[in-house]
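Peer 1: Got a structure for you, model.cif, holding mmCIF, C-alpha atoms.
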data_coords
#
loop_
_atom_site.label_atom_id
_atom_site.label_comp_id
_atom_site.auth_asym_id
_atom_site.auth_seq_id
_atom_site.Cartn_x
_atom_site.Cartn_y
_atom_site.Cartn_z
CA MET A 142 -8.17 -7.20 7.26
CA PRO A 143 -11.94 -7.17 6.64
CA ASP A 144 -13.17 -6.34 10.14
CA ALA A 145 -15.55 -3.56 11.10
CA SER A 146 -12.92 -1.04 10.09
CA ALA A 147 -12.51 -2.46 6.60
CA ALA A 148 -13.28 0.68 4.82
CA ARG A 149 -16.02 1.48 2.43
CA PRO A 150 -13.97 3.59 0.07
CA PRO A 151 -14.99 7.23 0.32
CA GLU A 152 -16.96 8.71 -2.51
CA PRO A 153 -14.56 10.50 -4.85
CA THR A 154 -16.55 13.69 -4.47
CA ASP A 155 -16.33 13.50 -0.65
CA ARG A 156 -12.62 13.09 -0.79
CA ARG A 157 -12.22 15.85 -3.33
CA ARG A 158 -14.18 18.15 -1.03
CA TRP A 159 -12.14 17.42 2.07
CA LEU A 160 -8.84 17.54 0.19
CA GLY A 161 -9.75 21.05 -0.90
CA LEU A 162 -10.75 22.04 2.62
CA LEU A 163 -7.58 20.59 4.14
CA ALA A 164 -5.54 22.53 1.61
CA ARG A 165 -7.33 25.75 2.54
CA ALA A 166 -7.30 25.13 6.29
CA ARG A 167 -4.97 27.28 8.35
CA ARG A 168 -1.91 25.71 9.82
CA GLU A 169 -3.19 26.51 13.35
CA GLU A 170 -6.49 24.76 12.66
CA LEU A 171 -4.66 21.63 11.54
CA GLU A 172 -2.27 21.69 14.50
CA ALA A 173 -5.13 22.17 16.97
CA ALA A 174 -7.11 19.31 15.45
CA TRP A 175 -4.04 17.06 15.52
CA ALA A 176 -3.33 17.92 19.15
CA GLY A 177 -6.98 17.30 20.01
CA LEU A 178 -7.19 13.81 18.52
CA ALA A 179 -7.99 11.08 21.04
CA VAL A 180 -5.57 8.70 19.30
CA ARG A 181 -2.76 9.96 17.13
CA PRO A 182 -1.52 7.19 14.85
CA THR A 183 2.11 7.10 13.85
CA TYR A 184 2.81 7.43 10.17
CA ALA A 185 5.61 7.03 7.66
CA PHE A 186 6.30 9.24 4.70
CA LEU A 187 5.67 7.69 1.34
CA ARG A 188 6.81 10.96 -0.08
CA ALA A 189 8.23 13.48 2.35
CA PRO A 190 6.86 17.03 2.00
CA GLU A 191 8.44 18.68 -1.01
CA THR A 192 7.90 22.05 -2.59
CA GLY A 193 7.76 22.60 -6.30
CA LEU A 194 6.10 24.52 -9.06
CA VAL A 195 2.92 23.49 -10.77
CA LEU A 196 1.57 24.89 -13.97
CA VAL A 197 -1.98 26.04 -13.45
CA ARG A 198 -4.08 25.56 -16.54
CA GLY A 199 -7.54 26.79 -17.20
CA ARG A 200 -10.31 26.62 -19.75
CA ALA A 201 -12.52 29.60 -20.41
CA GLY A 202 -15.95 28.78 -19.06
CA GLY A 203 -14.73 25.28 -18.33
CA ILE A 204 -15.24 24.31 -21.96
CA GLY A 205 -12.77 26.39 -23.99
CA SER A 206 -9.39 25.18 -25.10
CA PRO A 207 -6.88 24.82 -22.25
CA PHE A 208 -4.49 27.69 -21.66
CA ASN A 209 -1.65 28.16 -19.22
CA LEU A 210 -2.69 30.52 -16.46
CA GLY A 211 0.68 30.59 -14.74
CA GLU A 212 2.87 28.76 -12.30
CA MET A 213 2.35 28.55 -8.58
CA THR A 214 4.30 27.19 -5.67
CA MET A 215 2.90 24.03 -4.21
CA THR A 216 3.93 21.59 -1.52
CA ARG A 217 2.91 17.97 -1.71
CA CYS A 218 3.19 15.05 0.64
CA ALA A 219 2.10 11.42 0.89
CA VAL A 220 1.89 9.49 4.15
CA ARG A 221 1.05 5.97 5.22
CA PRO A 222 -0.35 5.85 8.76
CA GLU A 223 0.18 2.78 10.90
CA PHE A 224 -3.19 1.30 11.88
CA GLY A 225 -1.85 -2.00 13.15
CA ALA A 226 -1.73 -5.37 11.45
CA ASP A 227 -5.51 -5.58 11.00
CA GLY A 228 -5.94 -1.99 10.00
CA PRO A 229 -6.49 -0.81 6.47
CA ARG A 230 -3.56 0.27 4.35
CA LEU A 231 -4.45 3.84 3.60
CA THR A 232 -2.50 6.54 1.87
CA GLY A 233 -3.00 10.19 2.67
CA LEU A 234 -2.20 12.77 0.05
CA ALA A 235 -1.91 16.51 0.18
CA PHE A 236 -1.27 19.19 -2.36
CA VAL A 237 -1.32 22.61 -0.76
CA ALA A 238 -0.53 26.03 -2.09
CA GLY A 239 2.63 27.65 -0.80
CA ARG A 240 5.68 26.22 0.88
CA ASP A 241 4.42 25.17 4.30
CA ARG A 242 5.74 21.64 4.61
CA ARG A 243 4.08 20.99 7.95
CA HIS A 244 0.74 22.03 6.48
CA ALA A 245 1.16 19.49 3.69
CA GLU A 246 2.19 16.82 6.18
CA LEU A 247 -0.80 17.36 8.47
CA ALA A 248 -3.21 17.65 5.55
CA ALA A 249 -1.96 14.31 4.20
CA VAL A 250 -2.35 12.65 7.61
CA PHE A 251 -5.89 13.95 7.96
CA ASP A 252 -6.72 12.78 4.45
CA ALA A 253 -5.72 9.26 5.49
CA LEU A 254 -7.69 9.51 8.75
CA LEU A 255 -10.79 10.70 6.93
CA GLN A 256 -10.65 7.55 4.81
CA HIS A 257 -10.67 5.45 7.98
CA PRO A 258 -14.17 4.76 9.38
CA ARG A 259 -12.88 4.84 12.95
CA PHE A 260 -11.50 8.35 12.58
CA HIS A 261 -13.76 9.83 9.95
CA ALA A 262 -16.50 11.23 12.18
CA GLU A 263 -14.09 12.67 14.72
CA VAL A 264 -11.96 14.45 12.13
CA ALA A 265 -14.95 15.60 10.14
CA ALA A 266 -16.49 17.17 13.26
CA ALA A 267 -13.30 18.59 14.76
CA LEU A 268 -11.66 19.91 11.62
CA ILE A 269 -13.57 19.69 8.37
CA ALA A 270 -16.84 21.21 9.56
CA PRO A 271 -15.22 24.20 11.35
CA VAL A 272 -12.95 24.91 8.39
CA GLU A 273 -15.86 24.74 6.01
CA ALA A 274 -17.86 27.06 8.26
CA ARG A 275 -15.02 29.56 8.51
CA LEU A 276 -14.47 29.60 4.75
CA SER A 277 -18.17 30.02 4.20
CA ARG A 278 -18.28 32.94 6.71
CA GLU A 279 -15.33 34.58 5.00
CA ARG A 280 -16.93 34.18 1.63
CA GLN A 281 -20.17 35.68 2.91
CA ALA A 282 -18.34 38.58 4.47
CA ALA A 283 -16.53 39.27 1.22
CA THR A 284 -19.75 38.95 -0.71
CA ALA A 285 -21.51 41.28 1.68
CA GLU A 286 -18.72 43.83 1.41
CA ALA A 287 -18.89 43.70 -2.33
CA ALA A 288 -22.68 43.87 -2.27
CA ALA A 289 -22.59 47.03 -0.12
CA THR A 290 -20.77 48.90 -2.83
CA ARG A 291 -22.92 47.65 -5.64
CA VAL A 292 -24.38 50.26 -7.89
CA ASP A 293 -27.51 49.49 -9.80
CA PHE A 294 -27.81 51.25 -13.08
CA PHE A 295 -31.30 52.07 -14.19
CA THR A 296 -32.12 52.97 -17.68
CA LEU A 297 -34.80 55.59 -17.85
CA VAL A 298 -36.79 55.15 -20.91
CA ARG A 299 -37.49 58.49 -22.45
CA GLU A 300 -41.14 59.04 -22.75
CA GLN A 301 -42.37 59.11 -26.22
CA GLY A 302 -43.87 62.18 -27.16
CA MET B 276 1.10 10.16 -20.01
CA GLY B 277 -2.13 11.94 -19.24
CA ASN B 278 -4.28 8.91 -20.00
CA ALA B 279 -2.51 6.45 -17.72
CA ALA B 280 -4.69 4.44 -15.36
CA PRO B 281 -5.12 5.78 -11.83
CA LEU B 282 -2.51 4.59 -9.39
CA ASP B 283 -3.41 2.22 -6.61
CA LEU B 284 -1.30 3.56 -3.78
CA ALA B 285 -2.04 0.84 -1.25
CA ASP B 286 0.97 -1.27 -2.18
CA ILE B 287 3.46 1.46 -2.93
CA GLY B 288 6.38 1.67 -0.55
CA PRO B 289 8.48 4.65 0.40
CA GLY B 290 10.99 6.30 -1.89
CA LEU B 291 14.26 7.93 -0.87
CA GLY B 292 14.09 9.08 2.73
CA ASP B 293 16.10 12.22 2.07
CA PRO B 294 15.53 12.82 -1.64
CA VAL B 295 18.27 15.37 -2.24
CA ALA B 296 21.09 13.88 -0.18
CA HIS B 297 20.32 10.30 -1.10
CA ALA B 298 19.90 11.01 -4.80
CA GLN B 299 23.24 12.84 -4.74
CA ALA B 300 24.91 9.89 -3.05
CA VAL B 301 23.48 7.42 -5.55
CA PHE B 302 24.33 9.68 -8.46
CA ARG B 303 27.93 9.82 -7.25
CA LEU B 304 28.01 6.03 -7.12
CA GLY B 305 26.64 5.91 -10.64
CA LEU B 306 29.36 8.27 -11.83
CA ASP B 307 32.05 6.21 -10.14
CA ALA B 308 30.68 2.99 -11.57
CA THR B 309 30.44 4.24 -15.15
CA ALA B 310 33.81 6.01 -14.99
CA HIS B 311 35.38 2.77 -13.79
CA PRO B 312 33.63 -0.03 -15.67
CA GLY B 313 33.47 -3.20 -13.65
CA ARG B 314 33.98 -1.48 -10.31
CA ILE B 315 31.39 -2.67 -7.82
CA VAL B 316 29.80 0.07 -5.77
CA GLU B 317 27.39 -0.34 -2.88
CA LEU B 318 24.50 1.77 -1.62
CA PRO B 319 25.10 3.35 1.78
CA PRO B 320 22.88 1.71 4.43
CA GLU B 321 20.73 4.80 4.93
CA VAL B 322 19.63 4.83 1.28
CA LEU B 323 16.38 2.93 0.69
CA PRO B 324 16.53 0.58 3.70
CA HIS B 325 13.00 -0.72 3.01
CA ASN B 326 12.69 -1.25 -0.69
CA THR B 327 9.31 -2.62 -1.73
CA SER B 328 9.46 -1.66 -5.39
CA GLY B 329 10.09 -5.15 -6.75
CA LEU B 330 13.36 -3.96 -8.27
CA ALA B 331 16.71 -4.83 -6.75
CA ASP B 332 17.68 -2.23 -4.13
CA ALA B 333 20.43 -0.83 -6.32
CA ALA B 334 18.16 -0.70 -9.37
CA ALA B 335 15.41 1.01 -7.37
CA ALA B 336 17.83 3.58 -5.96
CA LEU B 337 19.15 4.35 -9.44
CA ALA B 338 15.60 4.68 -10.72
CA LEU B 339 14.64 7.07 -7.93
CA THR B 340 17.77 9.09 -8.68
CA LEU B 341 17.70 9.22 -12.46
CA LEU B 342 14.12 8.90 -13.65
CA ASP B 343 11.66 11.70 -14.11
CA PHE B 344 8.74 12.63 -16.32
CA GLU B 345 11.00 12.90 -19.36
CA THR B 346 12.45 9.40 -19.16
CA PRO B 347 10.08 6.71 -20.39
CA VAL B 348 10.87 3.45 -18.68
CA TRP B 349 10.53 -0.10 -19.96
CA LEU B 350 10.08 -3.04 -17.58
CA ASP B 351 10.27 -6.70 -18.41
CA HIS B 352 7.40 -8.98 -17.50
CA GLU B 353 8.62 -9.93 -14.01
CA LEU B 354 9.21 -6.32 -13.06
CA GLY B 355 5.93 -5.00 -14.42
CA ALA B 356 4.60 -4.49 -10.91
CA ALA B 357 7.29 -1.88 -10.30
CA GLY B 358 5.58 0.37 -12.83
CA ASP B 359 3.24 1.98 -10.32
CA TYR B 360 6.11 2.59 -7.93
CA LEU B 361 8.12 4.37 -10.61
CA ARG B 362 5.11 6.34 -11.80
CA PHE B 363 4.38 7.52 -8.28
CA HIS B 364 7.88 8.33 -7.09
CA CYS B 365 9.55 9.39 -10.32
CA GLY B 366 6.63 10.51 -12.45
CA ALA B 367 8.19 8.43 -15.18
CA PRO B 368 5.88 7.12 -17.91
CA VAL B 369 6.01 3.36 -18.40
CA THR B 370 6.26 2.33 -22.03
CA ALA B 371 5.74 -1.06 -23.66
CA ASP B 372 8.05 -0.13 -26.52
CA PRO B 373 11.73 -0.77 -25.72
CA LYS B 374 12.80 1.59 -28.51
CA ALA B 375 10.92 4.44 -26.85
CA SER B 376 12.51 3.96 -23.44
CA ARG B 377 15.34 5.95 -21.83
CA PHE B 378 15.77 3.38 -19.09
CA ALA B 379 14.95 -0.30 -19.06
CA PHE B 380 14.89 -2.65 -16.08
CA LEU B 381 15.33 -6.36 -16.69
CA SER B 382 15.01 -9.20 -14.24
CA ARG B 383 17.11 -11.37 -16.53
CA VAL B 384 18.53 -11.35 -20.04
CA GLY B 385 17.49 -13.36 -23.04
CA ASP B 386 13.92 -12.30 -23.76
CA THR B 387 14.55 -8.94 -25.34
CA PRO B 388 17.71 -8.44 -27.38
CA LEU B 389 19.79 -5.35 -26.61
CA ALA B 390 19.35 -4.15 -30.17
CA ALA B 391 15.62 -3.82 -29.49
CA PHE B 392 16.36 -0.84 -27.24
CA ASP B 393 17.17 2.65 -28.39
CA LEU B 394 20.83 2.93 -29.40
CA GLY B 395 20.62 6.71 -29.64
CA ASP B 396 20.99 8.60 -32.87
CA ILE B 397 24.10 9.96 -34.47
CA ASP B 398 23.38 13.56 -33.47
CA PHE B 399 22.54 12.60 -29.90
CA PRO B 400 24.10 9.22 -29.09
CA ASP B 401 23.48 9.90 -25.42
CA ARG B 402 19.75 9.58 -26.02
CA SER B 403 19.96 5.83 -25.79
CA THR B 404 18.34 3.37 -23.44
CA THR B 405 20.31 2.65 -20.30
CA VAL B 406 19.64 -0.98 -19.46
CA VAL B 407 19.70 -2.08 -15.82
CA ILE B 408 19.85 -5.84 -15.40
CA ALA B 409 19.29 -7.67 -12.11
CA VAL B 410 21.91 -10.40 -11.68
CA PRO B 411 22.10 -13.05 -8.96
CA SER B 412 25.74 -12.34 -8.17
CA LEU B 413 28.55 -9.93 -8.94
CA THR B 414 31.17 -12.03 -7.18
CA SER B 415 30.58 -15.56 -8.42
CA GLY B 416 29.87 -16.83 -11.88
CA PRO B 417 31.94 -16.61 -15.04
CA GLU B 418 34.82 -14.18 -15.00
CA LEU B 419 34.67 -11.32 -17.46
CA VAL B 420 37.70 -9.39 -18.61
CA LEU B 421 36.94 -5.76 -19.30
CA ARG B 422 38.99 -3.35 -21.41
CA GLY B 423 38.42 0.17 -22.55
CA PRO B 424 38.20 3.77 -21.35
CA GLY B 425 38.30 4.09 -17.57
CA ILE B 426 40.19 0.85 -17.14
CA ARG B 427 43.94 0.64 -16.69
CA ASP B 428 44.95 -2.49 -18.61
CA THR B 429 42.12 -4.81 -17.66
CA ALA B 430 39.42 -5.15 -15.02
CA ARG B 431 37.81 -8.34 -13.90
CA LEU B 432 34.22 -8.88 -12.94
CA HIS B 433 32.33 -12.03 -12.08
CA VAL B 434 28.74 -11.98 -13.23
CA ASP B 435 26.26 -14.73 -12.66
CA GLY B 436 23.06 -15.14 -14.63
CA ILE B 437 24.22 -13.67 -17.91
CA GLY B 438 25.20 -16.11 -20.61
CA ARG B 439 27.87 -16.06 -23.27
CA GLU B 440 25.30 -15.37 -26.00
CA PHE B 441 24.32 -12.12 -24.35
CA TRP B 442 27.88 -10.82 -24.30
CA ALA B 443 28.32 -11.93 -27.91
CA SER B 444 25.20 -10.04 -28.98
CA ARG B 445 26.41 -7.02 -27.06
CA ALA B 446 29.75 -7.16 -28.87
CA GLU B 447 27.91 -6.98 -32.19
CA LEU B 448 26.77 -3.47 -31.26
CA ALA B 449 30.35 -2.21 -30.74
CA PRO B 450 30.93 -1.21 -34.41
CA LEU B 451 27.94 1.14 -34.15
CA PHE B 452 29.82 3.39 -31.70
CA PRO B 453 29.09 6.18 -30.72
CA LEU B 454 25.67 4.58 -30.72
CA GLY B 455 25.16 1.84 -28.19
CA ILE B 456 23.69 0.66 -24.93
CA ASP B 457 25.13 1.35 -21.51
CA LEU B 458 24.56 -1.47 -19.04
CA VAL B 459 24.20 -1.49 -15.30
CA LEU B 460 24.35 -4.81 -13.49
CA ALA B 461 22.50 -4.70 -10.19
CA CYS B 462 22.75 -7.30 -7.46
CA GLY B 463 21.02 -6.50 -4.19
CA ARG B 464 22.48 -3.26 -2.89
CA ARG B 465 25.48 -3.34 -5.21
CA PHE B 466 25.93 -2.51 -8.85
CA ALA B 467 28.56 -2.23 -11.55
CA ALA B 468 28.41 -0.51 -14.91
CA VAL B 469 29.48 -1.75 -18.31
CA PRO B 470 29.21 1.24 -20.65
CA ARG B 471 29.14 0.94 -24.43
CA THR B 472 32.86 1.67 -24.71
CA THR B 473 33.89 -1.34 -22.66
CA VAL B 474 35.12 -4.44 -24.46
CA VAL B 475 34.06 -7.59 -22.63
CA THR B 476 35.91 -10.85 -23.22
CA GLY B 477 36.60 -14.06 -21.40
CA ALA B 478 33.05 -15.16 -20.89
#
Starting from the file, lay out its structure as structure tokens.
Peer 2:
Amino acid sequence: MPDASAARPPEPTDRRRWLGLLARARREELEAAWAGLAVRPTYAFLRAPETGLVLVRGRAGGIGSPFNLGEMTMTRCAVRPEFGADGPRLTGLAFVAGRDRRHAELAAVFDALLQHPRFHAEVAAALIAPVEARLSRERQAATAEAAATRVDFFTLVREQG
Amino acid sequence: MGNAAPLDLADIGPGLGDPVAHAQAVFRLGLDATAHPGRIVELPPEVLPHNTSGLADAAAALALTLLDFETPVWLDHELGAAGDYLRFHCGAPVTADPKASRFAFLSRVGDTPLAAFDLGDIDFPDRSTTVVIAVPSLTSGPELVLRGPGIRDTARLHVDGIGREFWASRAELAPLFPLGIDLVLACGRRFAAVPRTTVVTGA
């Protein structure tokens, strides 16, 4: 198993970042990236896509006592791609909002591929970077729209006298 | 539950291929087995064809069907490695305290007496530990004669790997009814149930 592809485990923060991006990617973006892969490994389901409810909890300011914000629909999936006898044994996970099972499936597959040094750069360039750019553009557009309607309140100090 | 160690997923195998249909099929088998103590039932071939949990196929299928986050599970030493599998697929917490468990999986009998598990309480006798024991054979070994609800006259079951002392210690729990321990004997892809109401003799 330890050949060139024996993986340096990804930094937890890297993986957290791409898991979030895969969850927020559009289904079409995932399908296009999957179709565009030079090599598409086969994979088995460790846990087939399944939809359920999760309780979303929050803490005010990130430090207050936890409270229940509400429940949301979520679809999760776990896959084990087949990288051959010498390949690493990697598990891809996905937790995505909503009930799109295919989205969860593809997101889990890409999570596994991103952990694999042979696929990481390709997937990062073809999928992660464009998704991140799109989300950033959308955020900027929303921010700009909000900024355009901003009203600044000035307090005029009454002159003494 | 929240403070359990992170799971290492690299060695975890697949669960039920079709969770709803397969769990229903296994649940039906479990009902048949417990309603007819001593009857041997067998998993259909499509259920869990590649079991890597460390548990017997039948035990693993029952676990995947019955366990969830509200059923603490106890594993004996040999089966400890199945803990991650059950945590991942069932969300079941693994407990080291047999009294706190709803299900227990044993690779053999003798180390932990049945009375160490939860017999239920008088208001809720159903809240007992269901004990699943892996046995080497359900067709050879000493013959047991079973009597009790669900059995017309008597039923016969051959069980290998479980000694006379075990059945004697189980019989000592009978006067505590409705408290008690329901047993499942798992051998490969087959299992039989011996619920607390069944009187076992002839061993």
Peer 1: Report as an MDAnalysis selection string the full result of the PyMOL selection byres ((chain B) within 7 of (chain A)) when it is applied to this structure.
Peer 2: chainID B and resid 284:285 288:290
Peer 1: Set the distance at 12 Å and use only C-alpha atoms: which residues neighbour segment 272-280 of chain A once local chain neighbours fewer than 3 positions away are removed? I'd like the list as a list of chain:residue names.
Peer 2: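 Listed by chain and then number, they are A:Arg158, A:Trp159, A:Leu160, A:Gly161, A:Leu162, A:Leu163, A:Ala164, A:Arg165, A:Ala166, A:Arg167, A:Arg168, A:Glu169, A:Glu170, A:Leu171, A:Ala173, A:Ala174, A:Val264, A:Ala265, A:Ala266, A:Ala267, A:Leu268, A:Ile269, A:Ala283, A:Thr284, A:Ala285, A:Glu286, A:Ala287, A:Ala288.
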Peer 1: Write a file of the just-selected residues containing C-alpha atoms, as a tab-separated table (two decimals), in the coordinates of the input.
Peer 2:
chain	number	residue	atom	x	y	z
A	158	ARG	CA	-14.18	18.15	-1.03
A	159	TRP	CA	-12.14	17.42	2.07
A	160	LEU	CA	-8.84	17.54	0.19
A	161	GLY	CA	-9.75	21.05	-0.90
A	162	LEU	CA	-10.75	22.04	2.62
A	163	LEU	CA	-7.58	20.59	4.14
A	164	ALA	CA	-5.54	22.53	1.61
A	165	ARG	CA	-7.33	25.75	2.54
A	166	ALA	CA	-7.30	25.13	6.29
A	167	ARG	CA	-4.97	27.28	8.35
A	168	ARG	CA	-1.91	25.71	9.82
A	169	GLU	CA	-3.19	26.51	13.35
A	170	GLU	CA	-6.49	24.76	12.66
A	171	LEU	CA	-4.66	21.63	11.54
A	173	ALA	CA	-5.13	22.17	16.97
A	174	ALA	CA	-7.11	19.31	15.45
A	264	VAL	CA	-11.96	14.45	12.13
A	265	ALA	CA	-14.95	15.60	10.14
A	266	ALA	CA	-16.49	17.17	13.26
A	267	ALA	CA	-13.30	18.59	14.76
A	268	LEU	CA	-11.66	19.91	11.62
A	269	ILE	CA	-13.57	19.69	8.37
A	283	ALA	CA	-16.53	39.27	1.22
A	284	THR	CA	-19.75	38.95	-0.71
A	285	ALA	CA	-21.51	41.28	1.68
A	286	GLU	CA	-18.72	43.83	1.41
A	287	ALA	CA	-18.89	43.70	-2.33
A	288	ALA	CA	-22.68	43.87	-2.27
Peer 1: So which residues touch Arg198 of chain A within 9 Å, counting all atoms listed in the file, skipping near sequence neighbours fewer than 6 positions away, as a PyMOL selection string?
Peer 2: chain A and resi 207-212
Peer 1: Taking the file as shown, what set of residues would the PyMOL selection byres ((chain B and resi 309) around 8) give back, as an MDAnalysis selection string?
Peer 2: chainID B and resid 305:308 310:312 467:470
Peer 1: Would you output that residue set with C-alpha atoms, as a PDB file, keeping the file's coordinate frame?
Peer 2:
ATOM      1  CA  GLY B 305      26.640   5.910 -10.640  1.00  0.00           C
ATOM      2  CA  LEU B 306      29.360   8.270 -11.830  1.00  0.00           C
ATOM      3  CA  ASP B 307      32.050   6.210 -10.140  1.00  0.00           C
ATOM      4  CA  ALA B 308      30.680   2.990 -11.570  1.00  0.00           C
ATOM      5  CA  ALA B 310      33.810   6.010 -14.990  1.00  0.00           C
ATOM      6  CA  HIS B 311      35.380   2.770 -13.790  1.00  0.00           C
ATOM      7  CA  PRO B 312      33.630  -0.030 -15.670  1.00  0.00           C
ATOM      8  CA  ALA B 467      28.560  -2.230 -11.550  1.00  0.00           C
ATOM      9  CA  ALA B 468      28.410  -0.510 -14.910  1.00  0.00           C
ATOM     10  CA  VAL B 469      29.480  -1.750 -18.310  1.00  0.00           C
ATOM     11  CA  PRO B 470      29.210   1.240 -20.650  1.00  0.00           C
TER      12      PRO B 470
END
Peer 1: Written as number ranges by chain, what is the full residue list that the PyMOL selection byres ((chain B and resi 472) around 12) yields on the file shown?
Peer 2: B: 309-312, 421-426, 445-446, 448-458, 468-471, 473-475
Peer 1: Find the distance between atom CA of Val369 of chain B and atom CA of Leu350 of chain B and write it in Å to one decimal.
Peer 2: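 Computing it gives 7.6 Å between the two atoms.
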Peer 1: Please report the interatomic distance between atom CA of Pro368 of chain B and atom CA of Ala409 of chain B in Å with one decimal.
Peer 2: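 Spanning atom CA of Pro368 of chain B to atom CA of Ala409 of chain B is a straight-line distance of 20.8 Å.
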Peer 1: If I take atom CA of Asp332 of chain B and atom CA of Gly463 of chain B, how far is one from the other in Å, to one decimal?
Peer 2: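 A separation of 5.4 Å between them.
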